[in-house]
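Q: After the structure tokens below, expect a handful of questions from me.
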Amino acid sequence: MVSTLWSIDDTFSLFLMKQFYKHLAAHEPAAGSAYGAKRDMLRKYGAAAVPLITWAGYTLEGAPT
């Protein structure tokens, strides 16, 4: 399960979740998918991808496989 600890900007959230599920669909583990989505975010948005408003509030919970 993916959830947030606080409100995240909708534009960044949409991009991050699309990338996260793209990585999951490629059979990457959940943690690797989150990492890949974060890297994709940095490539696309650069310095505008401030962690506090883009990915720092997300948490992954559940079985690792």
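Convention: chains lettered A, B, ... in structure tokens order; per-chain residue numbering from 1; ligands numbered from 1 as shown.
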Run DSSP on the backbone and tell me which residues of chain A come out as alpha helix (DSSP H); list them as JSON, numbers by chain.

A: {"A": [10, 11, 12, 13, 14, 15, 16, 17, 18, 19, 20, 21, 22, 23, 24, 25, 30, 31, 32, 33, 34, 35, 36, 37, 38, 39, 40, 41, 42, 43, 44, 45, 51, 52, 53, 54]}

Q: Write a file of the selected residues as an mmCIF file, in the first residue's frame, keeping C-alpha atoms.

A:
data_model
loop_
_atom_site.group_PDB
_atom_site.id
_atom_site.type_symbol
_atom_site.label_atom_id
_atom_site.label_comp_id
_atom_site.auth_asym_id
_atom_site.auth_seq_id
_atom_site.Cartn_x
_atom_site.Cartn_y
_atom_site.Cartn_z
ATOM 1 C CA ASP A 10 -1.319 17.131 -7.388
ATOM 2 C CA THR A 11 0.937 17.646 -10.412
ATOM 3 C CA PHE A 12 3.917 16.009 -8.748
ATOM 4 C CA SER A 13 1.766 13.299 -7.181
ATOM 5 C CA LEU A 14 0.244 12.306 -10.513
ATOM 6 C CA PHE A 15 3.638 12.088 -12.191
ATOM 7 C CA LEU A 16 5.214 10.174 -9.311
ATOM 8 C CA MET A 17 2.404 7.606 -9.098
ATOM 9 C CA LYS A 18 2.371 7.042 -12.869
ATOM 10 C CA GLN A 19 6.112 6.421 -12.798
ATOM 11 C CA PHE A 20 5.859 4.224 -9.717
ATOM 12 C CA TYR A 21 3.273 1.951 -11.352
ATOM 13 C CA LYS A 22 5.239 1.935 -14.617
ATOM 14 C CA HIS A 23 8.222 0.565 -12.708
ATOM 15 C CA LEU A 24 6.024 -1.971 -10.885
ATOM 16 C CA ALA A 25 4.588 -3.118 -14.229
ATOM 17 C CA ALA A 30 8.151 -1.892 -4.711
ATOM 18 C CA ALA A 31 11.148 -0.158 -3.106
ATOM 19 C CA GLY A 32 13.004 -0.116 -6.424
ATOM 20 C CA SER A 33 9.916 1.242 -8.153
ATOM 21 C CA ALA A 34 9.694 4.086 -5.637
ATOM 22 C CA TYR A 35 13.374 4.855 -6.136
ATOM 23 C CA GLY A 36 12.994 4.767 -9.920
ATOM 24 C CA ALA A 37 9.970 7.068 -9.773
ATOM 25 C CA LYS A 38 11.924 9.528 -7.623
ATOM 26 C CA ARG A 39 14.803 9.521 -10.126
ATOM 27 C CA ASP A 40 12.324 10.054 -12.982
ATOM 28 C CA MET A 41 10.893 13.006 -11.056
ATOM 29 C CA LEU A 42 14.344 14.549 -10.641
ATOM 30 C CA ARG A 43 15.102 14.104 -14.349
ATOM 31 C CA LYS A 44 11.844 15.753 -15.405
ATOM 32 C CA TYR A 45 11.500 18.550 -12.840
ATOM 33 C CA PRO A 51 11.411 16.415 -1.677
ATOM 34 C CA LEU A 52 9.034 17.915 0.904
ATOM 35 C CA ILE A 53 6.379 18.635 -1.740
ATOM 36 C CA THR A 54 7.090 15.813 -4.171
#

Q: Taking 2 positions as the minimum chain separation for residues in the same chain, which residues sit within 9 Å of Glu61 (chain A) when counting only C-alpha atoms? Answer as a tab-separated table (two decimals) with C-alpha atoms, in the first residue's frame.

A:
chain	number	residue	atom	x	y	z
A	1	MET	CA	0.00	0.00	0.00
A	2	VAL	CA	1.23	3.48	-0.85
A	3	SER	CA	0.05	6.39	1.27
A	59	THR	CA	5.30	5.61	2.56
A	63	ALA	CA	4.78	-7.43	1.98
A	64	PRO	CA	8.03	-6.70	0.14

Q: Quick one: distance from CA of Gly57 (chain A) to CA of Glu28 (chain A) in Å, one decimal?

A: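 One can read the CA of Gly57 (chain A) to CA of Glu28 (chain A) distance as 21.3 Å.
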